[in-house]
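First up is the structure itself, then whatever we jot down about it.
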Amino acid sequence: MVKVSVIVPVYNVEKFINRCVDSILSQTFKDFELILVNDGSKDKSLEIIEKYRMDKRVRIFTQKNQGPAVARNFGISVAKGSYIMFIDSDDYIDSDYVETYYNKIKNCNYDVVVGGYKRVVDDKVKFILKLKNEEFSKYIVTGPYCRIIKKSFLEKNNISFLNTNSSEDVYFNLMIYNTTNKIGIIDYSGYYYFYNSNSISNTAHKGFKKEIKIIELLDLINVKESYNLELNQYYVIRYIIWYLLYSGKTATPKSFVLEYHKLFDWLEKNIPNYKKNKYLSIFAPKGEPFKYRLIINLFMFISNIKMVSLFSKVYCKGR
């Protein structure tokens, strides 16, 4: 049995997949397998990854196009490693990436270890995220990358990605945080998050779309019992506000207000005391960047004084 399984969903990334795979196969840590799940690519992605089959560490699977959640869940099901790592197919990693995460989770007996990343735009590093060992740090990286997870922990608690068209990684991570407090944070940023304007994650939230079923996602997230319940609930509040502001910027004011009422009605029903959450403060939680604390609290203030309709007329660009 290998120690680590690295899972990469592959879909229409013929321009980037060589760089991704080469960075993984160049690791200083040797006891790993690379699971490439071709998710029904229509370009030359499958043809390119087939050339890596000669490497005994590489396992290649093909499925019809079902999205990254299904591909990652399949990868988990066939993984032989004791630990799981996910990498997106247009991203890449430093040579000590797997070794750094493995040593931390093995030596400290965590269920999960989370780190930071470098954001790459036009092949240049534009931003470096380094995580401090603070209570909110584990929530900052919302994707499935920049972490290593004990496979037995996922299996024991039946944790998998939600087969949805948006934010399957938010669900996955919150299920982990609901279940364990054995989470390590490392001050390491060996993951290169490549900004691809054509990727699903960078286009899905442009305006409110009927196929993005946020309420269904929220209903499946357990916000009533977990480790550090109030912090998890704060993250859900934060996620709702982020979704409104990110997707709503290109929406019409009318659709913004309708979406706001739908989501905040959900909050009233499922987290009735959400306005009293101790983390709704510009001084908390620790590890949350001040800019985001300020944005969250400003929007809550606008909501509390019932000025969302006026705000939407200024903020929203859709007409």
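In the structure tokens, each chain is lettered A, B, ... as it comes, each chain's residues begin at 1, and ligands are numbered from 1 in order of appearance.
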
Distance table requested - stretch 48-113 of chain A against stretch 170-174 of chain A, cut-off 12 Å, only C-alpha atoms: one row per qualifying residue with the closest atom pair and its distance in Å to one decimal, ordered by chain and rising residue number, as CSV.
```
residue,atom,partner,partner_atom,distance
A:Ala69,CA,A:Phe172,CA,9.5
A:Arg72,CA,A:Phe172,CA,11.0
A:Asn73,CA,A:Phe172,CA,10.7
A:Val112,CA,A:Asn173,CA,10.2
A:Val113,CA,A:Asn173,CA,11.8
```

Task: Who sits within 7 Å of A:Phe136, only C-alpha atoms, same chain under 2 positions skipped, as a VMD selection string - done: chain A and resid 134 138 to 139 285 to 288

- [ ] Could you check which of A:Lys275, A:Lys182, A:Arg59, A:Lys130 is closest to A:Ala79, using only C-alpha atoms?
- [x]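 That would be A:Arg59, the residue with the smallest distance to A:Ala79.
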
Open item on the list: Can you tell me, as a PyMOL selection string, which residues in stretch 63-268 of chain A count as alpha helix (DSSP H) by DSSP?
Closed with: chain A and resi 68-78+97-108+137-140+151-156+168-179+200-203+214-220+229-248+253-268

Task: Pick from A:Ser189, A:Val58, A:Glu99, A:Val141 nearest to A:Tyr117, counting only C-alpha atoms - done: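 Closest candidate: A:Ser189.
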
- [ ] Please measure the separation of atom CA of A:Lys30 and atom CA of A:Glu155, giving the value in Å to one decimal.
- [x] 24.5 Å
